[in-house]
Amino acid sequence: MAVAARKAGRVGTGAANKTTSTKGSMRGATSNSPQFDKNQDLSAYNEMLLIRRFEEKSGQMYGMGLIGGFCHLYIGQEAVVVGMQMATKEGDQVITGYRDHGHMLACGMDAKGVMAELTGRRGGLSKGKGGSMHMFSKEKHFYGGHGIVGAQVSLGTGIAFANHYRENGNVCLTYFGDGAANQGQVYESFNMAQLWKLPVVYVIENNRYAMGTSVSRASAQTDFSKRGVSFGIPGEQVDGMDIRAVYAAGQRAVEHARTGKGPYILEMQTYRYRGHSMSDPAKYRTKDEVARMREEHDPIEQVRRRLLESWKLSEDELKAIDSRVREIVNEAAEFATHDPEPDPSELYTDILL
Amino acid sequence: MAIDILMPALSPTMEQGKLAKWLKKEGDQVKPGDVLAEIETDKATMEVEAIDEGVLAKILVSDGTDNVAVNTPIAILAGEGEDVSSAASSARAPAAPAQEAQAAPTPDMQREGMADRPSPDSIPGTDTSPVAEPAAPSVITNRTSYNAMAEIPEGTELVNMTVREALRDAMAEEMRKDQNVLVMGEEVAEYQGAYKVTQGLLQEFGAKRVIDTPITEHGFAGVGVGAAFTGLRPIVEFMTFNFAMQAIDHIINSAAKTLYMSGGQLGAPIVFRGPNGAAARVGAQHSHDYAAWYSNVPGLKVIAPYTASDAKGLLKSAIRDPNPIIFLENEILYGQSFPVPKLDDFTVPIGKARIHREGKDVTIVSFSIGMTYALKAAQELEKEGIDAEVIDLRTIRPMDTDTIVASVMKTGRCVTVEEGFPQSGIGAEIAMRIMENAFDYLDAPVARVTGKDVPMPYAANLEKLALPNVAEVVQAAKAVCYR
């Protein structure tokens, strides 16, 4: 335990790694990051808060037995997906693994539909047939929601392949965790993506734990930005708790991919406050470690501080934002609780077209 | 002592080839490793290297000779110190072209365990009517079998082509029609296909649509599925389905399940194709028949054609189908010729079996190369007064239960034939469907003839024992007829 905590602490400061161009550090969260204007901070705050409150509600509903199976919460990692989404344009695609609620909300998918899918109801985005890990939206260019660790990396590379084939100028953001980064198909995909110069950005969300195994216990190379070195894919370590650093790195990566230079790797150094899934006793890390991250590096708190201090918003104005977000989440929860289960006839639909 | 230089086999399944060109001439001194000649098959071109040192005394088979059977002496080498002219005169009569010698299996075919796999040429009726069978007979209940005859308009011209050519033509025709169709896989482009199935596609469609991948099945299967999610229609070739085991996660978890998991939003219009099952003498890791595996999975369609006509028509349908398709080919069948209708746009519907041979005493159900045993057995049975009906499933999933059941209601007996393993095999599935739908019509328990329940051995004699054979089918058919 002590080892895990100590090692994790080391990884946490990796954003200051000399090989990277991002100087953002989790310690001095406001120091060297590129600045946001007021609108950017406001929008980031709204979106991250929506994910936070949505996930808190999900956890609550899971505890009430309304959500079944596995449920992986995104709390703590909000700046990654919201910041990256700010760096994209309409048409760019997103694909991720099973910790996907935040990605869906950031893509603009309806909170009601996401929540109703978590509760397995007919109004869920997959009509109740997919669940927490399996949701999709062609309209919002969100390609899942995949439950097999690492599978989304090849699939996302394939989406980028299609962009390249169609010459449509779109980029596919392919998210995966520090755990998935050790899967073989990740490197098969890196190879093809660089070989064919595919427009894909690999966003490695390093939250330090692959389920219960810390990065240092599972990875020979803990600097994930270097995982593409043998293929010649550039990479950066980014302070994934600072949305401004995420956005800036995202812009560089997306630009690189969009201009035909091929794939780009971003290691987002982030942290999940909750367990791997709802059933995680979290014995592999100390309570102190979690508390320190929350207190010192919380992505939402950083923006909130700027809104108050730099942009002179009042506490009341922030409260108004908070209550609007809560309203969206409560409505979603209400809908997801009372929407009927799928009709039994749905059992045999959607197997083949 | 003069040494015979023999026509070599380029692959375990090669039976004959063309002697394209001699690079040495009579009287040339030859050292081991020197390239003597080039030979070609429909699959590949290779060089013949000298193994022994000596003088090329006599060339027995001249440049440009077609259909030279494997193991035919093609030249004589005079050994060290040997008189060249006397060595040359030791020549035996030049071998007849392979076609004339085909009445009996060559020793080489026996060596390769091929003797029990009848070529379609030796099955009467195959060459002339595999696609134009009479309509299914009337049945006792409302169960009706599919009328495969209607697939080809009356009077359509038929042209002979190999299964390999039929598959290539199917891909080329669909690629001409739809820009979203592309082919990817190992050696599909510049090499022209490991088994030459994609021959010429690179030249016609270019490197953008005919894509050589690295040897990375898991990765490129995932890339194909991801591309299919966006609406492209990739044809992913596996050099063999044995290698698709590395990719089976994407085939099943990503391709087959996503439509359902997305509530019908996101499908994967993709074809996974390549040779499946045993070829010859390639051992356990290259000989597995996966028909039963993929047939187990909802969300997939599984096709396994026997004739060139079905291969073409079904592959075209598969490419157009919006679902993930497993298209199981067979290396032994690639080089076999069948009549194929000459039509601008010939398709065969997925999910429909074909009555290949009509009969009344026993139903034999098979698919892919299993059909060669089934048809040969039907001939043997005829000599003994048993009139067998042979059904070619063509599609494994969805399975055409109606055609099987209608036939069994007529014959009251059924034998299944496949090269795959017995447990949870296609035969087991067919037997269950017959129990569910025609139990009262059965006059005997359903019998199955399968590959043996062992990993495929390498030794020629053991491999032969591991595969099904015609005698086993005959025996099973007689057993269910109580004969």
# chains A, B, ... in the order shown; residues from 1 in each chain; ligands from 1
$ residues_around --residues "B:Arg357" --least-positions-apart "4" --cutoff "8 Å" --atoms "only C-alpha atoms" --output "PyMOL selection string"
chain B and resi 133+375+388-391
$ closest_atom_pairs --of "chain A" --to "chain B" --cutoff "8 Å" --atoms "only C-alpha atoms" --output "JSON lines"
{"residue": "A:Leu125", "atom": "CA", "partner": "B:Gly263", "partner_atom": "CA", "distance": 7.3}
{"residue": "A:Ser126", "atom": "CA", "partner": "B:Gly263", "partner_atom": "CA", "distance": 4.1}
{"residue": "A:Lys127", "atom": "CA", "partner": "B:Gly263", "partner_atom": "CA", "distance": 5.2}
{"residue": "A:Gly128", "atom": "CA", "partner": "B:Gly263", "partner_atom": "CA", "distance": 7.5}
{"residue": "A:Lys129", "atom": "CA", "partner": "B:Met261", "partner_atom": "CA", "distance": 5.4}
{"residue": "A:Gly130", "atom": "CA", "partner": "B:Met261", "partner_atom": "CA", "distance": 4.2}
{"residue": "A:Gly131", "atom": "CA", "partner": "B:Met261", "partner_atom": "CA", "distance": 7.9}
{"residue": "A:His134", "atom": "CA", "partner": "B:Met261", "partner_atom": "CA", "distance": 6.0}
{"residue": "A:Met135", "atom": "CA", "partner": "B:Ser262", "partner_atom": "CA", "distance": 5.8}
{"residue": "A:Phe136", "atom": "CA", "partner": "B:Ser262", "partner_atom": "CA", "distance": 5.9}
{"residue": "A:Ser137", "atom": "CA", "partner": "B:Gln265", "partner_atom": "CA", "distance": 7.4}
{"residue": "A:Lys138", "atom": "CA", "partner": "B:Leu266", "partner_atom": "CA", "distance": 7.3}
{"residue": "A:Tyr143", "atom": "CA", "partner": "B:Phe229", "partner_atom": "CA", "distance": 7.8}
{"residue": "A:Ile148", "atom": "CA", "partner": "B:Asn253", "partner_atom": "CA", "distance": 7.7}
{"residue": "A:Ala151", "atom": "CA", "partner": "B:Gly222", "partner_atom": "CA", "distance": 7.1}
{"residue": "A:Ser154", "atom": "CA", "partner": "B:Gly222", "partner_atom": "CA", "distance": 4.7}
{"residue": "A:Leu155", "atom": "CA", "partner": "B:Gly226", "partner_atom": "CA", "distance": 4.1}
{"residue": "A:Gly156", "atom": "CA", "partner": "B:Gly226", "partner_atom": "CA", "distance": 6.1}
{"residue": "A:Thr157", "atom": "CA", "partner": "B:Val223", "partner_atom": "CA", "distance": 5.7}
{"residue": "A:Gly158", "atom": "CA", "partner": "B:Val223", "partner_atom": "CA", "distance": 3.6}
{"residue": "A:Ile159", "atom": "CA", "partner": "B:Ala227", "partner_atom": "CA", "distance": 4.8}
{"residue": "A:Ala160", "atom": "CA", "partner": "B:Ala227", "partner_atom": "CA", "distance": 7.6}
{"residue": "A:Phe161", "atom": "CA", "partner": "B:Ala227", "partner_atom": "CA", "distance": 6.4}
{"residue": "A:Ala162", "atom": "CA", "partner": "B:Ala227", "partner_atom": "CA", "distance": 5.1}
{"residue": "A:Tyr165", "atom": "CA", "partner": "B:Lys208", "partner_atom": "CA", "distance": 7.3}
{"residue": "A:Gln185", "atom": "CA", "partner": "B:Gly219", "partner_atom": "CA", "distance": 5.3}
{"residue": "A:Val186", "atom": "CA", "partner": "B:Gly219", "partner_atom": "CA", "distance": 7.7}
{"residue": "A:Glu188", "atom": "CA", "partner": "B:Gly219", "partner_atom": "CA", "distance": 5.2}
{"residue": "A:Ser189", "atom": "CA", "partner": "B:Gly219", "partner_atom": "CA", "distance": 5.6}
{"residue": "A:Met192", "atom": "CA", "partner": "B:Pro214", "partner_atom": "CA", "distance": 7.5}
{"residue": "A:Thr349", "atom": "CA", "partner": "B:Tyr260", "partner_atom": "CA", "distance": 7.6}
{"residue": "A:Asp350", "atom": "CA", "partner": "B:Gly264", "partner_atom": "CA", "distance": 4.8}
{"residue": "A:Ile351", "atom": "CA", "partner": "B:Gly299", "partner_atom": "CA", "distance": 5.1}
{"residue": "A:Leu352", "atom": "CA", "partner": "B:Gly299", "partner_atom": "CA", "distance": 5.7}
{"residue": "A:Leu353", "atom": "CA", "partner": "B:Pro322", "partner_atom": "CA", "distance": 6.2}
$ write_last_selection --atoms "C-alpha atoms" --output "mmCIF file, in the first residue's frame"
data_model
loop_
_atom_site.group_PDB
_atom_site.id
_atom_site.type_symbol
_atom_site.label_atom_id
_atom_site.label_comp_id
_atom_site.auth_asym_id
_atom_site.auth_seq_id
_atom_site.Cartn_x
_atom_site.Cartn_y
_atom_site.Cartn_z
ATOM 1 C CA LEU A 125 -29.960 5.611 -25.673
ATOM 2 C CA SER A 126 -29.655 1.921 -26.508
ATOM 3 C CA LYS A 127 -33.303 1.186 -25.676
ATOM 4 C CA GLY A 128 -32.110 -0.394 -22.457
ATOM 5 C CA LYS A 129 -30.160 -3.100 -24.257
ATOM 6 C CA GLY A 130 -26.675 -1.718 -23.865
ATOM 7 C CA GLY A 131 -26.274 -0.465 -20.326
ATOM 8 C CA HIS A 134 -22.586 0.411 -24.315
ATOM 9 C CA MET A 135 -24.097 3.571 -25.686
ATOM 10 C CA PHE A 136 -23.657 5.192 -29.079
ATOM 11 C CA SER A 137 -24.852 8.205 -31.014
ATOM 12 C CA LYS A 138 -24.227 8.540 -34.710
ATOM 13 C CA TYR A 143 -18.979 5.519 -31.278
ATOM 14 C CA ILE A 148 -13.518 -4.856 -23.825
ATOM 15 C CA ALA A 151 -10.883 -2.732 -28.223
ATOM 16 C CA SER A 154 -8.414 -0.474 -32.919
ATOM 17 C CA LEU A 155 -11.982 0.625 -33.549
ATOM 18 C CA GLY A 156 -11.081 4.301 -33.192
ATOM 19 C CA THR A 157 -8.176 3.762 -35.536
ATOM 20 C CA GLY A 158 -10.688 2.284 -37.972
ATOM 21 C CA ILE A 159 -12.911 5.339 -37.673
ATOM 22 C CA ALA A 160 -9.852 7.452 -38.444
ATOM 23 C CA PHE A 161 -9.133 5.122 -41.356
ATOM 24 C CA ALA A 162 -12.606 5.913 -42.689
ATOM 25 C CA TYR A 165 -10.502 7.119 -46.901
ATOM 26 C CA GLN A 185 -3.848 -4.251 -30.062
ATOM 27 C CA VAL A 186 -2.971 -0.724 -28.953
ATOM 28 C CA GLU A 188 -0.958 -2.888 -33.609
ATOM 29 C CA SER A 189 -3.145 0.179 -34.007
ATOM 30 C CA MET A 192 -1.110 1.137 -38.699
ATOM 31 C CA THR A 349 -35.026 -6.888 -32.344
ATOM 32 C CA ASP A 350 -31.794 -5.208 -33.475
ATOM 33 C CA ILE A 351 -29.859 -8.454 -33.822
ATOM 34 C CA LEU A 352 -29.541 -8.122 -37.579
ATOM 35 C CA LEU A 353 -30.517 -5.397 -39.989
#
$ residues_around --residues "A:Asn168" --least-positions-apart "6" --cutoff "10 Å" --atoms "only C-alpha atoms" --output "list in words"
Gly91, Asp92, Ala162 and Arg258 of chain A
$ write_last_selection --atoms "N, CA and C atoms" --output "PDB file, in the first residue's frame"
ATOM      1  N   GLY A  91     -18.172  17.031 -36.463  1.00  0.00           N
ATOM      2  CA  GLY A  91     -17.770  15.959 -37.373  1.00  0.00           C
ATOM      3  C   GLY A  91     -16.680  15.074 -36.792  1.00  0.00           C
ATOM      4  N   ASP A  92     -15.883  15.629 -35.886  1.00  0.00           N
ATOM      5  CA  ASP A  92     -14.859  14.808 -35.237  1.00  0.00           C
ATOM      6  C   ASP A  92     -15.555  13.761 -34.359  1.00  0.00           C
ATOM      7  N   ALA A 162     -11.472   5.511 -41.845  1.00  0.00           N
ATOM      8  CA  ALA A 162     -12.606   5.913 -42.689  1.00  0.00           C
ATOM      9  C   ALA A 162     -12.528   7.409 -43.013  1.00  0.00           C
ATOM     10  N   ARG A 258      -5.222  16.437 -38.014  1.00  0.00           N
ATOM     11  CA  ARG A 258      -6.076  16.938 -39.095  1.00  0.00           C
ATOM     12  C   ARG A 258      -5.272  17.359 -40.325  1.00  0.00           C
TER      13      ARG A 258
END
$ residues_around --residues "B:Met7" --least-positions-apart "5" --cutoff "9 Å" --atoms "only C-alpha atoms" --output "list in words"
Gln16, Gly17, Leu19, Ile39, Val48, Val68, Ala69, Val70, Asn71, Thr72, Pro73, Ile74 and Ala75 of chain B
$ write_last_selection --atoms "C-alpha atoms" --output "mmCIF file, in the first residue's frame"
data_model
loop_
_atom_site.group_PDB
_atom_site.id
_atom_site.type_symbol
_atom_site.label_atom_id
_atom_site.label_comp_id
_atom_site.auth_asym_id
_atom_site.auth_seq_id
_atom_site.Cartn_x
_atom_site.Cartn_y
_atom_site.Cartn_z
ATOM 1 C CA GLN B 16 -0.316 -29.429 -61.432
ATOM 2 C CA GLY B 17 1.243 -26.326 -62.864
ATOM 3 C CA LEU B 19 6.330 -24.875 -66.773
ATOM 4 C CA ILE B 39 6.742 -22.596 -62.798
ATOM 5 C CA VAL B 48 12.792 -24.244 -59.371
ATOM 6 C CA VAL B 68 2.317 -30.563 -65.735
ATOM 7 C CA ALA B 69 1.482 -32.879 -62.875
ATOM 8 C CA VAL B 70 3.455 -32.614 -59.681
ATOM 9 C CA ASN B 71 6.295 -35.185 -59.590
ATOM 10 C CA THR B 72 6.492 -35.508 -63.373
ATOM 11 C CA PRO B 73 10.169 -35.625 -64.471
ATOM 12 C CA ILE B 74 10.827 -32.334 -66.219
ATOM 13 C CA ALA B 75 14.564 -32.719 -66.891
#
$ atom_distance --atom1 "atom CA of A:Phe176" --atom2 "atom CA of A:Tyr264"
13.5 Å
$ select_by_dssp --residues "stretch 57-133 of chain A" --states "alpha helix (DSSP H)" --output "MDAnalysis selection string"
chainID A and resid 57:63 78:86 101:106 111:118
$ residues_around --residues "B:Glu157" --least-positions-apart "5" --cutoff "10 Å" --atoms "only C-alpha atoms" --output "PDB file with C-alpha atoms, in the first residue's frame"
ATOM      1  CA  ILE B 152     -30.834 -18.357 -62.480  1.00  0.00           C
ATOM      2  CA  PRO B 339     -20.295 -23.460 -64.228  1.00  0.00           C
ATOM      3  CA  VAL B 340     -21.231 -19.946 -63.234  1.00  0.00           C
ATOM      4  CA  PRO B 341     -24.109 -18.037 -64.793  1.00  0.00           C
ATOM      5  CA  LYS B 342     -23.021 -15.278 -67.107  1.00  0.00           C
ATOM      6  CA  LEU B 343     -25.132 -12.443 -65.767  1.00  0.00           C
TER       7      LEU B 343
END
$ residues_around --residues "B:Gln203" --least-positions-apart "4" --cutoff "12 Å" --atoms "only C-alpha atoms" --output "PyMOL selection string"
chain B and resi 172+188-192+198-199+207-211
$ write_last_selection --atoms "N, CA and C atoms" --output "PDB file, in the first residue's frame"
ATOM      1  N   ALA B 172     -14.707  -7.671 -57.303  1.00  0.00           N
ATOM      2  CA  ALA B 172     -14.473  -6.625 -58.305  1.00  0.00           C
ATOM      3  C   ALA B 172     -15.797  -5.988 -58.723  1.00  0.00           C
ATOM      4  N   VAL B 188      -2.991  -8.900 -49.747  1.00  0.00           N
ATOM      5  CA  VAL B 188      -4.104  -8.842 -50.702  1.00  0.00           C
ATOM      6  C   VAL B 188      -3.774  -7.974 -51.921  1.00  0.00           C
ATOM      7  N   ALA B 189      -2.815  -7.080 -51.778  1.00  0.00           N
ATOM      8  CA  ALA B 189      -2.578  -6.115 -52.852  1.00  0.00           C
ATOM      9  C   ALA B 189      -1.383  -6.510 -53.721  1.00  0.00           C
ATOM     10  N   GLU B 190      -0.195  -6.126 -53.326  1.00  0.00           N
ATOM     11  CA  GLU B 190       0.955  -6.308 -54.207  1.00  0.00           C
ATOM     12  C   GLU B 190       1.265  -7.769 -54.490  1.00  0.00           C
ATOM     13  N   TYR B 191       1.074  -8.604 -53.513  1.00  0.00           N
ATOM     14  CA  TYR B 191       1.337 -10.033 -53.673  1.00  0.00           C
ATOM     15  C   TYR B 191       0.219 -10.692 -54.479  1.00  0.00           C
ATOM     16  N   GLN B 192      -0.889  -9.986 -54.639  1.00  0.00           N
ATOM     17  CA  GLN B 192      -2.055 -10.468 -55.385  1.00  0.00           C
ATOM     18  C   GLN B 192      -2.850 -11.530 -54.626  1.00  0.00           C
ATOM     19  N   THR B 198      -7.428 -12.296 -54.549  1.00  0.00           N
ATOM     20  CA  THR B 198      -7.581 -10.869 -54.859  1.00  0.00           C
ATOM     21  C   THR B 198      -6.768 -10.453 -56.095  1.00  0.00           C
ATOM     22  N   GLN B 199      -6.441 -11.430 -56.921  1.00  0.00           N
ATOM     23  CA  GLN B 199      -5.594 -11.146 -58.080  1.00  0.00           C
ATOM     24  C   GLN B 199      -6.195 -10.042 -58.967  1.00  0.00           C
ATOM     25  N   ALA B 207      -4.278   1.347 -54.586  1.00  0.00           N
ATOM     26  CA  ALA B 207      -3.835   1.034 -53.230  1.00  0.00           C
ATOM     27  C   ALA B 207      -4.747   1.618 -52.160  1.00  0.00           C
ATOM     28  N   LYS B 208      -5.547   2.592 -52.531  1.00  0.00           N
ATOM     29  CA  LYS B 208      -6.454   3.163 -51.542  1.00  0.00           C
ATOM     30  C   LYS B 208      -7.554   2.174 -51.156  1.00  0.00           C
ATOM     31  N   ARG B 209      -7.977   1.358 -52.115  1.00  0.00           N
ATOM     32  CA  ARG B 209      -9.101   0.455 -51.855  1.00  0.00           C
ATOM     33  C   ARG B 209      -8.682  -1.008 -51.718  1.00  0.00           C
ATOM     34  N   VAL B 210      -7.446  -1.301 -52.043  1.00  0.00           N
ATOM     35  CA  VAL B 210      -6.936  -2.673 -51.887  1.00  0.00           C
ATOM     36  C   VAL B 210      -5.687  -2.540 -51.017  1.00  0.00           C
ATOM     37  N   ILE B 211      -5.844  -2.887 -49.753  1.00  0.00           N
ATOM     38  CA  ILE B 211      -4.882  -2.440 -48.747  1.00  0.00           C
ATOM     39  C   ILE B 211      -4.142  -3.607 -48.110  1.00  0.00           C
TER      40      ILE B 211
END
